[in-house]
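Peer 1: One file: entry-v8.cif (mmCIF, C-alpha atoms).
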data_coords
loop_
_atom_site.label_atom_id
_atom_site.label_comp_id
_atom_site.auth_asym_id
_atom_site.auth_seq_id
_atom_site.Cartn_x
_atom_site.Cartn_y
_atom_site.Cartn_z
CA MET A 1426 22.33 45.44 -305.33
CA GLN A 1427 22.29 47.18 -308.66
CA GLN A 1428 25.86 46.98 -309.88
CA SER A 1429 25.23 50.05 -312.02
CA ASN A 1430 24.89 51.99 -308.76
CA ALA A 1431 27.95 50.54 -307.02
CA TRP A 1432 31.56 51.69 -307.16
CA ALA A 1433 34.68 49.92 -305.92
CA ILE A 1434 37.30 52.22 -304.37
CA GLY A 1435 40.99 51.52 -303.90
CA ASP A 1436 43.18 51.69 -300.79
CA ILE A 1437 42.28 54.87 -298.88
CA GLN A 1438 44.97 54.59 -296.18
CA GLY A 1439 43.79 57.65 -294.32
CA CYS A 1440 43.73 59.92 -297.41
CA PHE A 1441 40.46 61.39 -296.23
CA ASP A 1442 40.34 64.55 -298.33
CA GLU A 1443 40.81 62.61 -301.57
CA PHE A 1444 38.27 60.02 -300.43
CA ILE A 1445 35.59 62.62 -299.72
CA GLU A 1446 36.22 64.34 -303.04
CA LEU A 1447 35.91 60.98 -304.80
CA VAL A 1448 32.66 60.09 -302.98
CA GLU A 1449 31.21 63.50 -303.87
CA ARG A 1450 32.05 62.88 -307.53
CA ILE A 1451 30.44 59.43 -307.35
CA ASP A 1452 27.30 60.91 -305.81
CA ARG A 1453 27.11 63.66 -308.43
CA HIS A 1454 27.50 61.06 -311.16
CA ALA A 1455 24.62 59.04 -309.69
CA HIS A 1456 22.39 62.11 -309.48
CA GLU A 1457 23.17 63.07 -313.06
CA HIS A 1458 22.23 59.56 -314.19
CA GLY A 1459 18.91 59.56 -312.39
CA TYR A 1460 19.63 57.45 -309.32
CA SER A 1461 17.66 58.43 -306.25
CA GLU A 1462 19.75 56.43 -303.78
CA SER A 1463 23.38 56.97 -302.88
CA PRO A 1464 25.66 54.49 -304.67
CA LYS A 1465 27.08 51.58 -302.75
CA LEU A 1466 30.80 51.86 -302.04
CA TRP A 1467 32.98 48.74 -302.17
CA LEU A 1468 36.11 49.47 -300.13
CA VAL A 1469 39.01 47.09 -300.78
CA GLY A 1470 40.70 47.51 -297.39
CA ASP A 1471 43.63 49.44 -295.97
CA LEU A 1472 41.19 52.04 -294.79
CA VAL A 1473 43.75 53.49 -292.38
CA ASN A 1474 47.48 54.12 -291.87
CA ARG A 1475 50.30 55.88 -293.71
CA GLY A 1476 48.02 58.75 -294.77
CA PRO A 1477 47.32 61.86 -292.66
CA LYS A 1478 43.67 61.41 -291.60
CA SER A 1479 42.95 57.85 -290.52
CA LEU A 1480 40.67 59.05 -287.71
CA GLN A 1481 38.43 61.11 -289.99
CA THR A 1482 38.38 58.33 -292.58
CA LEU A 1483 37.26 55.69 -290.11
CA GLU A 1484 34.67 57.98 -288.53
CA TRP A 1485 33.11 58.72 -291.94
CA ILE A 1486 33.01 55.07 -293.00
CA MET A 1487 31.51 53.98 -289.69
CA HIS A 1488 28.87 56.70 -289.91
CA ASN A 1489 28.03 55.66 -293.49
CA GLU A 1490 28.53 51.91 -293.16
CA ASP A 1491 25.06 51.12 -294.51
CA ARG A 1492 26.21 52.13 -297.99
CA CYS A 1493 29.60 50.43 -297.73
CA ARG A 1494 30.87 46.94 -298.44
CA ILE A 1495 34.17 46.54 -296.62
CA VAL A 1496 37.03 44.06 -296.45
CA LEU A 1497 40.03 44.43 -294.17
CA GLY A 1498 43.57 44.96 -295.41
CA ASN A 1499 46.95 44.37 -293.83
CA HIS A 1500 47.12 47.94 -292.49
CA ASP A 1501 43.74 47.55 -290.79
CA LEU A 1502 44.97 44.35 -289.14
CA ASN A 1503 48.17 46.16 -288.18
CA PHE A 1504 46.08 48.73 -286.33
CA LEU A 1505 44.40 45.93 -284.38
CA ALA A 1506 47.79 44.40 -283.59
CA VAL A 1507 49.19 47.69 -282.30
CA ALA A 1508 46.02 48.38 -280.29
CA ALA A 1509 46.26 44.88 -278.80
CA GLY A 1510 49.89 45.41 -277.79
CA VAL A 1511 51.05 42.61 -280.10
CA ARG A 1512 53.08 44.96 -282.36
CA LYS A 1513 54.68 48.34 -281.92
CA SER A 1514 53.90 51.20 -284.25
CA LYS A 1515 56.46 51.60 -287.02
CA ALA A 1516 58.11 54.90 -287.83
CA ASP A 1517 55.91 55.44 -290.89
CA ASP A 1518 52.65 54.42 -289.22
CA THR A 1519 50.12 57.23 -288.74
CA LEU A 1520 47.86 55.60 -286.18
CA ALA A 1521 48.38 57.94 -283.23
CA ASP A 1522 45.05 59.77 -283.61
CA LEU A 1523 43.16 56.47 -283.58
CA LEU A 1524 45.16 54.99 -280.73
CA GLN A 1525 44.87 58.12 -278.57
CA SER A 1526 41.21 58.74 -279.32
CA PRO A 1527 38.66 58.43 -276.49
CA HIS A 1528 36.73 56.26 -278.97
CA ARG A 1529 39.60 53.85 -279.50
CA LYS A 1530 37.68 50.84 -278.17
CA ARG A 1531 34.81 51.55 -280.55
CA PHE A 1532 37.21 51.77 -283.49
CA VAL A 1533 38.87 48.50 -282.52
CA SER A 1534 35.54 46.73 -282.07
CA TRP A 1535 34.20 47.99 -285.41
CA ILE A 1536 37.26 46.87 -287.38
CA ARG A 1537 37.19 43.48 -285.65
CA HIS A 1538 33.67 42.95 -286.99
CA GLN A 1539 34.41 43.55 -290.69
CA GLN A 1540 34.82 40.96 -293.44
CA LEU A 1541 37.95 39.69 -295.14
CA ALA A 1542 36.10 38.64 -298.30
CA HIS A 1543 32.82 39.80 -299.80
CA PHE A 1544 30.86 38.12 -302.61
CA GLU A 1545 27.83 39.62 -304.29
CA ASP A 1546 26.37 39.40 -307.81
CA ASP A 1547 29.27 37.24 -309.00
CA VAL A 1548 31.86 39.80 -307.82
CA LEU A 1549 34.42 38.71 -305.22
CA MET A 1550 36.27 41.41 -303.28
CA VAL A 1551 39.38 40.79 -301.18
CA HIS A 1552 42.17 43.12 -300.17
CA ALA A 1553 45.13 41.32 -301.76
CA GLY A 1554 44.52 37.97 -303.40
CA VAL A 1555 43.04 34.50 -303.64
CA LEU A 1556 45.04 31.28 -303.84
CA PRO A 1557 44.62 29.31 -307.09
CA GLN A 1558 43.28 26.26 -305.21
CA TRP A 1559 40.42 28.28 -303.69
CA ASP A 1560 37.00 28.62 -305.26
CA VAL A 1561 34.56 31.25 -304.04
CA ALA A 1562 33.04 29.03 -301.36
CA MET A 1563 36.46 28.15 -299.96
CA THR A 1564 37.56 31.78 -300.01
CA LEU A 1565 34.48 32.85 -298.06
CA ALA A 1566 34.86 29.94 -295.63
CA TYR A 1567 38.50 30.66 -294.83
CA ALA A 1568 37.73 34.38 -294.54
CA ALA A 1569 34.85 33.56 -292.18
CA GLU A 1570 37.21 31.52 -290.00
CA ILE A 1571 39.40 34.60 -289.58
CA GLU A 1572 36.39 36.83 -288.98
CA TYR A 1573 35.15 34.49 -286.25
CA ARG A 1574 38.51 34.63 -284.50
CA LEU A 1575 38.72 38.41 -284.75
CA GLN A 1576 35.28 38.73 -283.19
CA SER A 1577 35.95 36.25 -280.38
CA ALA A 1578 36.91 37.06 -276.82
CA ASP A 1579 40.44 35.73 -277.40
CA TRP A 1580 41.04 37.89 -280.50
CA LYS A 1581 44.31 39.22 -279.08
CA ASP A 1582 45.68 35.67 -278.84
CA PHE A 1583 44.71 35.11 -282.46
CA ILE A 1584 46.46 38.32 -283.52
CA ALA A 1585 49.60 37.20 -281.67
CA GLN A 1586 49.67 33.99 -283.77
CA MET A 1587 48.73 35.67 -287.06
CA TYR A 1588 52.08 36.99 -288.27
CA GLY A 1589 54.71 35.05 -290.20
CA ASN A 1590 55.36 33.71 -293.70
CA GLU A 1591 55.02 30.02 -292.88
CA PRO A 1592 53.51 27.83 -294.08
CA ALA A 1593 54.30 29.25 -297.50
CA GLN A 1594 52.41 26.65 -299.56
CA TRP A 1595 48.73 25.83 -299.44
CA ARG A 1596 47.61 22.32 -298.55
CA ASP A 1597 44.01 21.24 -298.18
CA ASP A 1598 44.90 19.45 -294.93
CA LEU A 1599 46.23 22.58 -293.21
CA LYS A 1600 44.58 23.09 -289.84
CA GLY A 1601 44.53 25.44 -286.89
CA ALA A 1602 46.90 28.38 -286.63
CA ASP A 1603 48.79 27.36 -289.78
CA ARG A 1604 45.67 27.49 -291.94
CA ARG A 1605 44.51 30.74 -290.40
CA ARG A 1606 47.91 32.39 -290.87
CA MET A 1607 48.07 31.32 -294.50
CA SER A 1608 44.52 32.50 -295.10
CA VAL A 1609 45.31 35.93 -293.66
CA ASN A 1610 48.46 36.14 -295.77
CA ALA A 1611 46.62 35.24 -298.97
CA LEU A 1612 43.72 37.59 -298.36
CA THR A 1613 45.74 40.58 -297.17
CA ARG A 1614 49.33 40.25 -298.46
CA LEU A 1615 49.45 38.14 -301.64
CA ARG A 1616 51.00 39.41 -304.88
CA PHE A 1617 52.96 36.59 -306.54
CA CYS A 1618 52.08 32.92 -306.31
CA SER A 1619 53.01 29.63 -307.95
CA ALA A 1620 50.55 27.22 -309.57
CA SER A 1621 50.99 24.89 -306.60
CA GLY A 1622 49.98 27.60 -304.13
CA VAL A 1623 53.37 28.81 -302.90
CA MET A 1624 53.23 32.50 -301.91
CA GLU A 1625 56.19 34.81 -302.49
CA PHE A 1626 56.40 37.91 -300.29
CA ASN A 1627 59.80 39.41 -301.06
CA THR A 1628 58.92 40.94 -304.42
CA LYS A 1629 56.82 44.11 -304.33
CA GLU A 1630 57.46 45.38 -307.85
CA SER A 1631 54.93 45.37 -310.68
CA ALA A 1632 53.48 42.29 -312.37
CA GLY A 1633 56.28 42.23 -314.94
CA HIS A 1634 58.86 41.49 -312.23
CA ALA A 1635 57.57 38.06 -311.25
CA PRO A 1636 60.28 35.86 -309.72
CA SER A 1637 61.11 32.62 -311.54
CA GLY A 1638 58.37 30.07 -311.04
CA PHE A 1639 55.78 32.63 -309.96
CA LEU A 1640 53.05 34.70 -311.56
CA PRO A 1641 50.75 37.44 -310.31
CA TRP A 1642 48.14 35.46 -308.42
CA PHE A 1643 45.32 36.59 -310.73
CA ALA A 1644 47.25 35.45 -313.85
CA LEU A 1645 47.50 31.79 -312.87
CA PRO A 1646 45.60 29.89 -315.58
CA GLN A 1647 44.16 27.24 -313.25
CA ARG A 1648 42.87 29.69 -310.65
CA ARG A 1649 39.48 28.39 -309.55
CA THR A 1650 37.95 31.88 -309.24
CA ARG A 1651 38.68 32.84 -312.85
CA GLU A 1652 34.95 32.82 -313.78
CA GLN A 1653 34.13 35.47 -311.20
CA THR A 1654 35.05 39.15 -311.29
CA LEU A 1655 37.80 39.82 -308.73
CA VAL A 1656 38.13 43.23 -307.07
CA PHE A 1657 41.21 43.97 -304.96
CA GLY A 1658 43.80 46.57 -303.97
CA HIS A 1659 47.05 46.24 -302.01
CA TRP A 1660 49.46 46.33 -304.97
CA SER A 1661 50.35 49.96 -305.70
CA THR A 1662 53.18 49.04 -308.08
CA LEU A 1663 50.69 47.03 -310.15
CA GLY A 1664 48.45 50.05 -310.52
CA LEU A 1665 45.04 50.15 -312.14
CA MET A 1666 43.63 47.11 -313.92
CA ASN A 1667 40.13 47.19 -315.34
CA SER A 1668 39.87 44.01 -317.40
CA PRO A 1669 36.74 41.86 -317.83
CA LYS A 1670 37.40 39.68 -314.77
CA VAL A 1671 40.03 41.64 -312.80
CA ILE A 1672 39.67 45.06 -311.18
CA ALA A 1673 42.82 46.20 -309.34
CA LEU A 1674 42.40 49.53 -307.60
CA ASP A 1675 45.47 50.45 -305.56
CA THR A 1676 46.81 53.41 -307.52
CA GLY A 1677 49.01 54.63 -304.68
CA CYS A 1678 47.12 57.64 -303.37
CA VAL A 1679 49.17 57.60 -300.18
CA TRP A 1680 52.36 57.64 -302.30
CA GLY A 1681 51.39 60.60 -304.47
CA GLY A 1682 49.38 58.70 -307.09
CA ALA A 1683 45.60 58.80 -307.17
CA LEU A 1684 42.55 57.39 -305.42
CA SER A 1685 40.53 55.39 -307.93
CA ALA A 1686 36.94 54.19 -308.22
CA VAL A 1687 35.47 51.88 -310.86
CA ASN A 1688 31.76 51.39 -311.48
CA LEU A 1689 31.06 47.67 -311.14
CA HIS A 1690 28.63 47.66 -314.07
CA SER A 1691 29.79 50.22 -316.64
CA ARG A 1692 33.48 50.02 -315.61
CA GLU A 1693 33.64 53.79 -315.77
CA LEU A 1694 36.68 55.15 -313.93
CA LEU A 1695 36.81 58.14 -311.59
CA GLN A 1696 40.08 59.31 -310.03
CA VAL A 1697 41.19 62.01 -307.62
CA SER A 1698 44.84 63.05 -307.66
CA SER A 1699 46.73 62.60 -304.41
CA ARG A 1700 47.47 65.53 -302.16
CA GLN A 1701 50.29 63.57 -300.51
CA ALA A 1702 53.99 64.05 -301.14
CA LYS A 1703 55.47 61.86 -303.85
CA ARG A 1704 57.14 58.68 -302.64
CA GLN A 1705 60.86 58.98 -302.10
CA THR A 1706 62.85 56.93 -304.65
#
Could you quickly redo this structure as structure tokens?
Peer 2:
Amino acid sequence: MQQSNAWAIGDIQGCFDEFIELVERIDRHAHEHGYSESPKLWLVGDLVNRGPKSLQTLEWIMHNEDRCRIVLGNHDLNFLAVAAGVRKSKADDTLADLLQSPHRKRFVSWIRHQQLAHFEDDVLMVHAGVLPQWDVAMTLAYAAEIEYRLQSADWKDFIAQMYGNEPAQWRDDLKGADRRRMSVNALTRLRFCSASGVMEFNTKESAGHAPSGFLPWFALPQRRTREQTLVFGHWSTLGLMNSPKVIALDTGCVWGGALSAVNLHSRELLQVSSRQAKRQT
């Protein structure tokens, strides 16, 4: 992969119109800079839900999956849980078109076969976060364990055991359902964490509102992935970060913000303003 021809894109969440406009801008940029091939698109997860056009979004990504690098987010897993009958749709879910589609089984199967972590050219992409005790190899291994379970015949049983906040602290001797649950939580839900690997899920404000004893997971000084570039989304109140080793891309398109893309080489930023109603405060 040529990083100069690859763009990471934040949480789409069914904001299809903004997504297509952003992809068109990315493609025009590539053409203007002499690239003959379409740029690769790194999608940080939460492809669906809360926005108005999850069905169209998923259909486009599936049709163009050869140019996409994809990790799953918590809303993508929520779709699987609802489809499996493990959870009920919430009032603000917008999954009906997917669930009622004649192609529902194909959508479910495709999502089940996506990654939870992707590593390429010293760039690690996850949806939410990485625990400070994890290096890249551990992150990929624990993600692969989840991917294996999602792709197995008993995936619905795995989904049924996936939810919950315990165990809250990482231990290297964690096994079985406890390790898998904690891995899912880190990869798809993490915002604040302690140096000893305790995850805190109650606080959803920006990085400056860290509870006592916690820091944003990427700010922990002993994090073992600090030499790699980390790309993630999930944290709309954090907003855009485009620092040398941290690219945060959830700029709240579904809440009236913007959909953002960053070139993985030049760090150039492209944004499309949201067409969604502003979040109620």
Peer 1: Of the residues A:Arg1616, A:His1552, A:Arg1606, A:Arg1649, which is the one nearest to Leu1497 in chain A, using only C-alpha atoms?
Peer 2: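 Residue with the minimum atom-to-atom distance to Leu1497 in chain A: A:His1552.
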Peer 1: Taking (46.1, 57.9, -302.8) in the file's coordinates, which residues come within 9 Å, counting only C-alpha atoms, written as number ranges by chain?
Peer 2: A: 1435-1440, 1443-1444, 1476, 1675-1685, 1697-1701
Peer 1: Convert the current residue selection to file output with C-alpha atoms, as a PDB file, keeping the file's coordinate frame.
Peer 2:
ATOM      1  CA  GLY A1435      40.990  51.520-303.900  1.00  0.00           C
ATOM      2  CA  ASP A1436      43.180  51.690-300.790  1.00  0.00           C
ATOM      3  CA  ILE A1437      42.280  54.870-298.880  1.00  0.00           C
ATOM      4  CA  GLN A1438      44.970  54.590-296.180  1.00  0.00           C
ATOM      5  CA  GLY A1439      43.790  57.650-294.320  1.00  0.00           C
ATOM      6  CA  CYS A1440      43.730  59.920-297.410  1.00  0.00           C
ATOM      7  CA  GLU A1443      40.810  62.610-301.570  1.00  0.00           C
ATOM      8  CA  PHE A1444      38.270  60.020-300.430  1.00  0.00           C
ATOM      9  CA  GLY A1476      48.020  58.750-294.770  1.00  0.00           C
ATOM     10  CA  ASP A1675      45.470  50.450-305.560  1.00  0.00           C
ATOM     11  CA  THR A1676      46.810  53.410-307.520  1.00  0.00           C
ATOM     12  CA  GLY A1677      49.010  54.630-304.680  1.00  0.00           C
ATOM     13  CA  CYS A1678      47.120  57.640-303.370  1.00  0.00           C
ATOM     14  CA  VAL A1679      49.170  57.600-300.180  1.00  0.00           C
ATOM     15  CA  TRP A1680      52.360  57.640-302.300  1.00  0.00           C
ATOM     16  CA  GLY A1681      51.390  60.600-304.470  1.00  0.00           C
ATOM     17  CA  GLY A1682      49.380  58.700-307.090  1.00  0.00           C
ATOM     18  CA  ALA A1683      45.600  58.800-307.170  1.00  0.00           C
ATOM     19  CA  LEU A1684      42.550  57.390-305.420  1.00  0.00           C
ATOM     20  CA  SER A1685      40.530  55.390-307.930  1.00  0.00           C
ATOM     21  CA  VAL A1697      41.190  62.010-307.620  1.00  0.00           C
ATOM     22  CA  SER A1698      44.840  63.050-307.660  1.00  0.00           C
ATOM     23  CA  SER A1699      46.730  62.600-304.410  1.00  0.00           C
ATOM     24  CA  ARG A1700      47.470  65.530-302.160  1.00  0.00           C
ATOM     25  CA  GLN A1701      50.290  63.570-300.510  1.00  0.00           C
TER      26      GLN A1701
END
Peer 1: On this file, the PyMOL selection byres ((chain A and resi 1529-1533) around 9) gives some set of residues; write that set as a ChimeraX atom specification.
Peer 2: /A:1483-1484,1487,1504-1505,1508,1523-1528,1534-1538
Peer 1: Just the number, please: distance in Å from CA of Ala1644 in chain A to CA of Val1561 in chain A, one decimal.
Peer 2: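 Computed distance, CA of Ala1644 in chain A to CA of Val1561 in chain A, equals 16.6 Å.
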Peer 1: How far is it from CA of Asp1442 in chain A to CA of Gly1470 in chain A, in Å with one decimal?
Peer 2: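 Value for the CA of Asp1442 in chain A-CA of Gly1470 in chain A distance: 17.1 Å.
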Peer 1: What's the separation between CA of Leu1689 in chain A and CA of Val1548 in chain A, in Å to one decimal place?
Peer 2: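 So the two atoms, CA of Leu1689 in chain A and CA of Val1548 in chain A, lie 8.6 Å apart.
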Peer 1: For each of A:Gln1594, A:Gln1539, A:Ser1463, A:Asn1474, take the minimum atom-to-atom distance to Tyr1573 in chain A, counting all atoms listed in the file, then give the residue where this is smallest.
Peer 2: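 Under the stated criterion, the closest residue is A:Gln1539.
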Peer 1: Pull the neighbourhood of (32.0, 41.6, -295.3) for me: all residues within 8 Å in file coordinates, counting all atoms listed in the file, as a PDB file with C-alpha atoms, keeping the file's coordinate frame.
Peer 2:
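New file out.pdb:
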ATOM      1  CA  ARG A1494      30.870  46.940-298.440  1.00  0.00           C
ATOM      2  CA  ILE A1495      34.170  46.540-296.620  1.00  0.00           C
ATOM      3  CA  VAL A1496      37.030  44.060-296.450  1.00  0.00           C
ATOM      4  CA  GLN A1539      34.410  43.550-290.690  1.00  0.00           C
ATOM      5  CA  GLN A1540      34.820  40.960-293.440  1.00  0.00           C
ATOM      6  CA  LEU A1541      37.950  39.690-295.140  1.00  0.00           C
ATOM      7  CA  ALA A1542      36.100  38.640-298.300  1.00  0.00           C
ATOM      8  CA  HIS A1543      32.820  39.800-299.800  1.00  0.00           C
TER       9      HIS A1543
END
